[in-house]
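Okay, coords27.pdb now, which holds PDB, C-alpha atoms:
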```pdb
ATOM      1  CA  MET A   5     -17.512   7.711 -41.202  1.00  0.00           C
ATOM      2  CA  ALA A   6     -15.009   9.286 -38.852  1.00  0.00           C
ATOM      3  CA  GLU A   7     -13.456  12.634 -39.684  1.00  0.00           C
ATOM      4  CA  PRO A   8      -9.789  12.344 -40.729  1.00  0.00           C
ATOM      5  CA  LEU A   9      -7.186  13.217 -38.107  1.00  0.00           C
ATOM      6  CA  PHE A  10      -5.349  15.672 -40.343  1.00  0.00           C
ATOM      7  CA  THR A  11      -6.236  18.134 -43.057  1.00  0.00           C
ATOM      8  CA  PRO A  12      -4.163  17.557 -46.224  1.00  0.00           C
ATOM      9  CA  GLU A  13      -1.805  20.378 -45.170  1.00  0.00           C
ATOM     10  CA  GLU A  14      -1.438  18.954 -41.652  1.00  0.00           C
ATOM     11  CA  GLN A  15      -0.802  15.484 -43.097  1.00  0.00           C
ATOM     12  CA  LYS A  16       2.062  16.841 -45.224  1.00  0.00           C
ATOM     13  CA  LYS A  17       3.527  18.609 -42.185  1.00  0.00           C
ATOM     14  CA  PHE A  18       3.242  15.454 -40.065  1.00  0.00           C
ATOM     15  CA  ASP A  19       4.714  13.174 -42.736  1.00  0.00           C
ATOM     16  CA  ALA A  20       7.661  15.510 -43.353  1.00  0.00           C
ATOM     17  CA  GLY A  21       8.209  16.065 -39.633  1.00  0.00           C
ATOM     18  CA  ILE A  22       8.090  12.393 -38.676  1.00  0.00           C
ATOM     19  CA  ALA A  23      10.474  11.513 -41.538  1.00  0.00           C
ATOM     20  CA  GLU A  24      12.899  14.185 -40.301  1.00  0.00           C
ATOM     21  CA  ILE A  25      12.663  12.923 -36.716  1.00  0.00           C
ATOM     22  CA  ILE A  26      13.174   9.278 -37.684  1.00  0.00           C
ATOM     23  CA  SER A  27      16.193  10.215 -39.835  1.00  0.00           C
ATOM     24  CA  HIS A  28      18.108  11.169 -36.682  1.00  0.00           C
ATOM     25  CA  TYR A  29      18.005   7.646 -35.222  1.00  0.00           C
ATOM     26  CA  PRO A  30      19.271   4.225 -36.311  1.00  0.00           C
ATOM     27  CA  PRO A  31      16.570   2.096 -37.988  1.00  0.00           C
ATOM     28  CA  ASP A  32      16.354  -0.216 -34.979  1.00  0.00           C
ATOM     29  CA  ARG A  33      15.993   2.745 -32.562  1.00  0.00           C
ATOM     30  CA  LYS A  34      13.123   4.703 -34.112  1.00  0.00           C
ATOM     31  CA  SER A  35      11.409   4.702 -30.729  1.00  0.00           C
ATOM     32  CA  ALA A  36      14.061   7.147 -29.473  1.00  0.00           C
ATOM     33  CA  GLY A  37      12.200   9.812 -31.441  1.00  0.00           C
ATOM     34  CA  MET A  38       9.129   9.539 -29.213  1.00  0.00           C
ATOM     35  CA  LEU A  39       9.370  12.937 -27.487  1.00  0.00           C
ATOM     36  CA  PRO A  40       9.895  14.996 -30.653  1.00  0.00           C
ATOM     37  CA  ALA A  41       7.227  12.957 -32.472  1.00  0.00           C
ATOM     38  CA  LEU A  42       4.702  13.662 -29.730  1.00  0.00           C
ATOM     39  CA  ARG A  43       5.678  17.326 -29.803  1.00  0.00           C
ATOM     40  CA  LEU A  44       5.163  17.384 -33.575  1.00  0.00           C
ATOM     41  CA  LEU A  45       1.673  15.926 -33.204  1.00  0.00           C
ATOM     42  CA  GLN A  46       0.783  18.396 -30.464  1.00  0.00           C
ATOM     43  CA  ASP A  47       2.158  21.339 -32.454  1.00  0.00           C
ATOM     44  CA  ILE A  48      -0.106  20.352 -35.351  1.00  0.00           C
ATOM     45  CA  LYS A  49      -3.287  19.432 -33.458  1.00  0.00           C
ATOM     46  CA  GLY A  50      -2.920  21.392 -30.198  1.00  0.00           C
ATOM     47  CA  TRP A  51      -3.160  18.168 -28.189  1.00  0.00           C
ATOM     48  CA  LEU A  52      -2.558  14.415 -28.538  1.00  0.00           C
ATOM     49  CA  PRO A  53      -5.736  12.784 -29.841  1.00  0.00           C
ATOM     50  CA  PRO A  54      -5.857   8.982 -29.423  1.00  0.00           C
ATOM     51  CA  GLU A  55      -5.739   8.349 -33.183  1.00  0.00           C
ATOM     52  CA  GLY A  56      -2.667  10.607 -33.363  1.00  0.00           C
ATOM     53  CA  LEU A  57      -0.952   8.613 -30.622  1.00  0.00           C
ATOM     54  CA  ARG A  58      -1.639   5.435 -32.602  1.00  0.00           C
ATOM     55  CA  LEU A  59      -0.123   7.025 -35.704  1.00  0.00           C
ATOM     56  CA  VAL A  60       3.008   8.111 -33.808  1.00  0.00           C
ATOM     57  CA  ALA A  61       3.327   4.597 -32.386  1.00  0.00           C
ATOM     58  CA  LYS A  62       2.997   3.039 -35.838  1.00  0.00           C
ATOM     59  CA  ASN A  63       5.668   5.329 -37.309  1.00  0.00           C
ATOM     60  CA  LEU A  64       8.070   4.648 -34.441  1.00  0.00           C
ATOM     61  CA  GLU A  65       7.303   0.904 -34.462  1.00  0.00           C
ATOM     62  CA  VAL A  66       6.120   0.761 -30.860  1.00  0.00           C
ATOM     63  CA  THR A  67       2.781  -0.164 -29.344  1.00  0.00           C
ATOM     64  CA  PRO A  68       0.091   2.480 -28.885  1.00  0.00           C
ATOM     65  CA  GLU A  69       0.309   1.733 -25.164  1.00  0.00           C
ATOM     66  CA  ARG A  70       3.971   2.774 -25.147  1.00  0.00           C
ATOM     67  CA  ALA A  71       3.124   6.072 -26.832  1.00  0.00           C
ATOM     68  CA  MET A  72       0.415   6.652 -24.207  1.00  0.00           C
ATOM     69  CA  GLU A  73       2.818   5.768 -21.365  1.00  0.00           C
ATOM     70  CA  VAL A  74       5.280   8.405 -22.519  1.00  0.00           C
ATOM     71  CA  ALA A  75       2.626  11.018 -23.295  1.00  0.00           C
ATOM     72  CA  SER A  76       0.923  10.586 -19.929  1.00  0.00           C
ATOM     73  CA  PHE A  77       4.212  10.836 -18.014  1.00  0.00           C
ATOM     74  CA  TYR A  78       5.030  14.390 -19.118  1.00  0.00           C
ATOM     75  CA  VAL A  79       2.801  17.332 -18.158  1.00  0.00           C
ATOM     76  CA  MET A  80       3.854  19.210 -21.308  1.00  0.00           C
ATOM     77  CA  TYR A  81       1.685  16.884 -23.392  1.00  0.00           C
ATOM     78  CA  HIS A  82      -2.083  17.393 -23.485  1.00  0.00           C
ATOM     79  CA  LEU A  83      -4.151  14.218 -23.560  1.00  0.00           C
ATOM     80  CA  LYS A  84      -7.363  16.265 -23.544  1.00  0.00           C
ATOM     81  CA  LYS A  85      -8.018  19.227 -25.785  1.00  0.00           C
ATOM     82  CA  PRO A  86      -6.865  22.258 -23.775  1.00  0.00           C
ATOM     83  CA  GLY A  87      -8.215  25.775 -23.756  1.00  0.00           C
ATOM     84  CA  LYS A  88      -6.622  28.331 -26.051  1.00  0.00           C
ATOM     85  CA  TYR A  89      -4.359  29.440 -23.184  1.00  0.00           C
ATOM     86  CA  VAL A  90      -2.727  26.826 -20.928  1.00  0.00           C
ATOM     87  CA  ILE A  91      -1.743  28.470 -17.655  1.00  0.00           C
ATOM     88  CA  ASP A  92       0.741  26.524 -15.530  1.00  0.00           C
ATOM     89  CA  VAL A  93       1.171  27.978 -12.044  1.00  0.00           C
ATOM     90  CA  CYS A  94       4.229  26.908 -10.081  1.00  0.00           C
ATOM     91  CA  THR A  95       3.390  26.050  -6.467  1.00  0.00           C
ATOM     92  CA  ASN A  96       6.708  24.517  -5.473  1.00  0.00           C
ATOM     93  CA  LEU A  97       8.519  25.673  -2.343  1.00  0.00           C
ATOM     94  CA  SER A  98      10.067  28.966  -3.499  1.00  0.00           C
ATOM     95  CA  CYS A  99       6.914  30.070  -5.285  1.00  0.00           C
ATOM     96  CA  SER A 100       4.778  29.003  -2.331  1.00  0.00           C
ATOM     97  CA  LEU A 101       6.886  31.085   0.029  1.00  0.00           C
ATOM     98  CA  TRP A 102       6.231  34.075  -2.249  1.00  0.00           C
ATOM     99  CA  GLY A 103       2.447  33.571  -2.397  1.00  0.00           C
ATOM    100  CA  ALA A 104       1.824  31.116  -5.228  1.00  0.00           C
ATOM    101  CA  GLU A 105      -1.250  29.608  -3.548  1.00  0.00           C
ATOM    102  CA  LYS A 106      -2.840  33.059  -3.220  1.00  0.00           C
ATOM    103  CA  MET A 107      -1.980  33.749  -6.840  1.00  0.00           C
ATOM    104  CA  LEU A 108      -3.545  30.444  -7.904  1.00  0.00           C
ATOM    105  CA  ALA A 109      -6.676  31.181  -5.849  1.00  0.00           C
ATOM    106  CA  TYR A 110      -6.879  34.621  -7.469  1.00  0.00           C
ATOM    107  CA  LEU A 111      -6.656  33.049 -10.941  1.00  0.00           C
ATOM    108  CA  GLU A 112      -9.275  30.442 -10.034  1.00  0.00           C
ATOM    109  CA  GLU A 113     -11.656  33.192  -8.971  1.00  0.00           C
ATOM    110  CA  LYS A 114     -10.877  35.433 -11.955  1.00  0.00           C
ATOM    111  CA  LEU A 115     -11.155  32.651 -14.554  1.00  0.00           C
ATOM    112  CA  GLY A 116     -14.009  30.734 -12.911  1.00  0.00           C
ATOM    113  CA  LEU A 117     -11.957  27.534 -12.978  1.00  0.00           C
ATOM    114  CA  LYS A 118     -10.288  25.360 -10.380  1.00  0.00           C
ATOM    115  CA  ALA A 119      -6.770  24.080 -10.991  1.00  0.00           C
ATOM    116  CA  GLY A 120      -7.043  21.055 -13.255  1.00  0.00           C
ATOM    117  CA  GLU A 121     -10.101  22.389 -15.077  1.00  0.00           C
ATOM    118  CA  ALA A 122     -10.497  23.864 -18.540  1.00  0.00           C
ATOM    119  CA  ASN A 123     -12.918  25.666 -20.776  1.00  0.00           C
ATOM    120  CA  GLU A 124     -12.531  26.735 -24.407  1.00  0.00           C
ATOM    121  CA  LYS A 125     -10.365  29.716 -23.505  1.00  0.00           C
ATOM    122  CA  PHE A 126      -8.295  28.580 -20.504  1.00  0.00           C
ATOM    123  CA  THR A 127      -6.739  25.487 -19.000  1.00  0.00           C
ATOM    124  CA  LEU A 128      -5.531  26.171 -15.455  1.00  0.00           C
ATOM    125  CA  ARG A 129      -2.974  23.800 -13.977  1.00  0.00           C
ATOM    126  CA  GLU A 130      -0.862  23.678 -10.847  1.00  0.00           C
ATOM    127  CA  THR A 131       2.655  22.558 -11.660  1.00  0.00           C
ATOM    128  CA  GLU A 132       5.676  21.577  -9.628  1.00  0.00           C
ATOM    129  CA  CYS A 133       8.592  23.737 -10.689  1.00  0.00           C
ATOM    130  CA  LEU A 134       9.270  26.153 -13.516  1.00  0.00           C
ATOM    131  CA  ALA A 135      12.905  26.748 -12.529  1.00  0.00           C
ATOM    132  CA  SER A 136      12.420  30.368 -11.543  1.00  0.00           C
ATOM    133  CA  CYS A 137      13.059  30.211  -7.811  1.00  0.00           C
ATOM    134  CA  GLY A 138      14.862  33.543  -7.692  1.00  0.00           C
ATOM    135  CA  THR A 139      11.963  35.359  -9.352  1.00  0.00           C
ATOM    136  CA  ALA A 140       9.012  33.676  -7.666  1.00  0.00           C
ATOM    137  CA  PRO A 141       6.082  33.460  -7.959  1.00  0.00           C
ATOM    138  CA  CYS A 142       5.898  32.501 -11.599  1.00  0.00           C
ATOM    139  CA  LEU A 143       3.704  30.890 -14.195  1.00  0.00           C
ATOM    140  CA  GLN A 144       3.720  29.977 -17.848  1.00  0.00           C
ATOM    141  CA  ILE A 145       1.045  30.680 -20.408  1.00  0.00           C
ATOM    142  CA  ASN A 146       1.453  28.483 -23.474  1.00  0.00           C
ATOM    143  CA  GLU A 147       5.107  28.100 -22.462  1.00  0.00           C
ATOM    144  CA  ASP A 148       5.690  31.870 -22.227  1.00  0.00           C
ATOM    145  CA  HIS A 149       7.309  32.488 -18.863  1.00  0.00           C
ATOM    146  CA  HIS A 150       6.129  35.221 -16.446  1.00  0.00           C
ATOM    147  CA  GLU A 151       7.866  35.872 -13.139  1.00  0.00           C
ATOM    148  CA  SER A 152       7.896  38.134 -10.063  1.00  0.00           C
ATOM    149  CA  LEU A 153       4.126  38.163 -10.286  1.00  0.00           C
ATOM    150  CA  THR A 154       1.646  40.344  -8.436  1.00  0.00           C
ATOM    151  CA  LYS A 155      -2.129  40.658  -8.836  1.00  0.00           C
ATOM    152  CA  ALA A 156      -1.574  43.775 -10.942  1.00  0.00           C
ATOM    153  CA  LYS A 157       0.855  41.921 -13.232  1.00  0.00           C
ATOM    154  CA  LEU A 158      -1.584  39.024 -13.519  1.00  0.00           C
ATOM    155  CA  ASP A 159      -4.400  41.392 -14.444  1.00  0.00           C
ATOM    156  CA  ALA A 160      -2.233  43.016 -17.124  1.00  0.00           C
ATOM    157  CA  ILE A 161      -1.204  39.633 -18.542  1.00  0.00           C
ATOM    158  CA  LEU A 162      -4.815  38.382 -18.626  1.00  0.00           C
ATOM    159  CA  ALA A 163      -6.017  41.618 -20.235  1.00  0.00           C
ATOM    160  CA  LYS A 164      -3.628  41.012 -23.148  1.00  0.00           C
ATOM    161  CA  LEU A 165      -5.196  37.568 -23.678  1.00  0.00           C
ATOM    162  CA  SER A 166      -8.727  38.887 -24.018  1.00  0.00           C
TER     163      SER A 166
END
```

Could you rewrite the structure in this file as structure tokens?
Amino acid sequence: MAEPLFTPEEQKKFDAGIAEIISHYPPDRKSAGMLPALRLLQDIKGWLPPEGLRLVAKNLEVTPERAMEVASFYVMYHLKKPGKYVIDVCTNLSCSLWGAEKMLAYLEEKLGLKAGEANEKFTLRETECLASCGTAPCLQINEDHHESLTKAKLDAILAKLS
């Protein structure tokens, strides 16, 4: 028998959260709550497990394929269980001009991961733009923004995660 998706406490949080989300939309437009519903699921589970996507789809009265289409479009959603710390490194033009590729290579070496890989502790990803062009290079760790980075700043940030 498969393990349940949610603990009883998580189930209560999901049920209350999905009811709140759906209450903001007309009955025939429940699907408009897709982004906050996916965020709710990810906040509870840390990622979007397939059975969770099916549950979101059922509650919003859409197909599971539609939920997957939306979830797979946005990089903020995790379709695989991520490490404890998700590190998104901006390598867009401004950050690249300020050494983002060297910073990414330094992180790859330090963490023992290539961009796009994960272990239990870290998920390292290259991302397009974090809207910090004036303070490049930058990255986010679990959506906490860090800018004007140097190797020394990176080392200090990583030391706090250990």

Spatial neighbours of segment 70-75 of chain A, max dist 7 Å, all atoms listed in the file, sep filter under 4 positions, as an mmCIF file with C-alpha atoms, in the frame of the given file:
```
data_model
loop_
_atom_site.group_PDB
_atom_site.id
_atom_site.type_symbol
_atom_site.label_atom_id
_atom_site.label_comp_id
_atom_site.auth_asym_id
_atom_site.auth_seq_id
_atom_site.Cartn_x
_atom_site.Cartn_y
_atom_site.Cartn_z
ATOM 1 C CA LEU A 57 -0.952 8.613 -30.622
ATOM 2 C CA ALA A 61 3.327 4.597 -32.386
ATOM 3 C CA VAL A 66 6.120 0.761 -30.860
ATOM 4 C CA TYR A 81 1.685 16.884 -23.392
#
```

Legend entry - Distance criterion (all atoms listed in the file): nearest to Tyr78 of chain A out of A:Leu39, A:Cys99, A:Ala109, A:Leu44: A:Leu39

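Put simply, atom CA of Glu69 of chain A is 21.2 Å away from atom CA of Ile48 of chain A.
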
Inset, instruction - Would you mind telling me which residue in A:Glu24, A:Val93, A:Leu101, A:Gly138 lies nearest to Lys118 of chain A when using only C-alpha atoms? - result: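 Among the listed residues, A:Val93 lies closest to Lys118 of chain A.
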
Inset, instruction - Find the residue from A:Leu97, A:Leu134, A:Ile25, A:Leu111 that sits nearest to Met80 of chain A; use all atoms listed in the file when measuring. - result: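 Between A:Leu97, A:Leu134, A:Ile25, A:Leu111, the residue approaching Met80 of chain A most closely is A:Leu134.
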
Legend entry - Non-local contacts of Tyr110 of chain A (12 Å; only C-alpha atoms; under 2 positions in same chain excluded) as a list in words: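 Counting only the stated atoms, we get Val93, Gly103, Ala104, Glu105, Lys106, Met107, Leu108, Glu112, Glu113, Lys114, Leu115, Gly116, Leu117, Lys118, Ala119, Leu128, Leu153, Thr154, Lys155, Ala156, Leu158, Asp159 and Leu162 of chain A.
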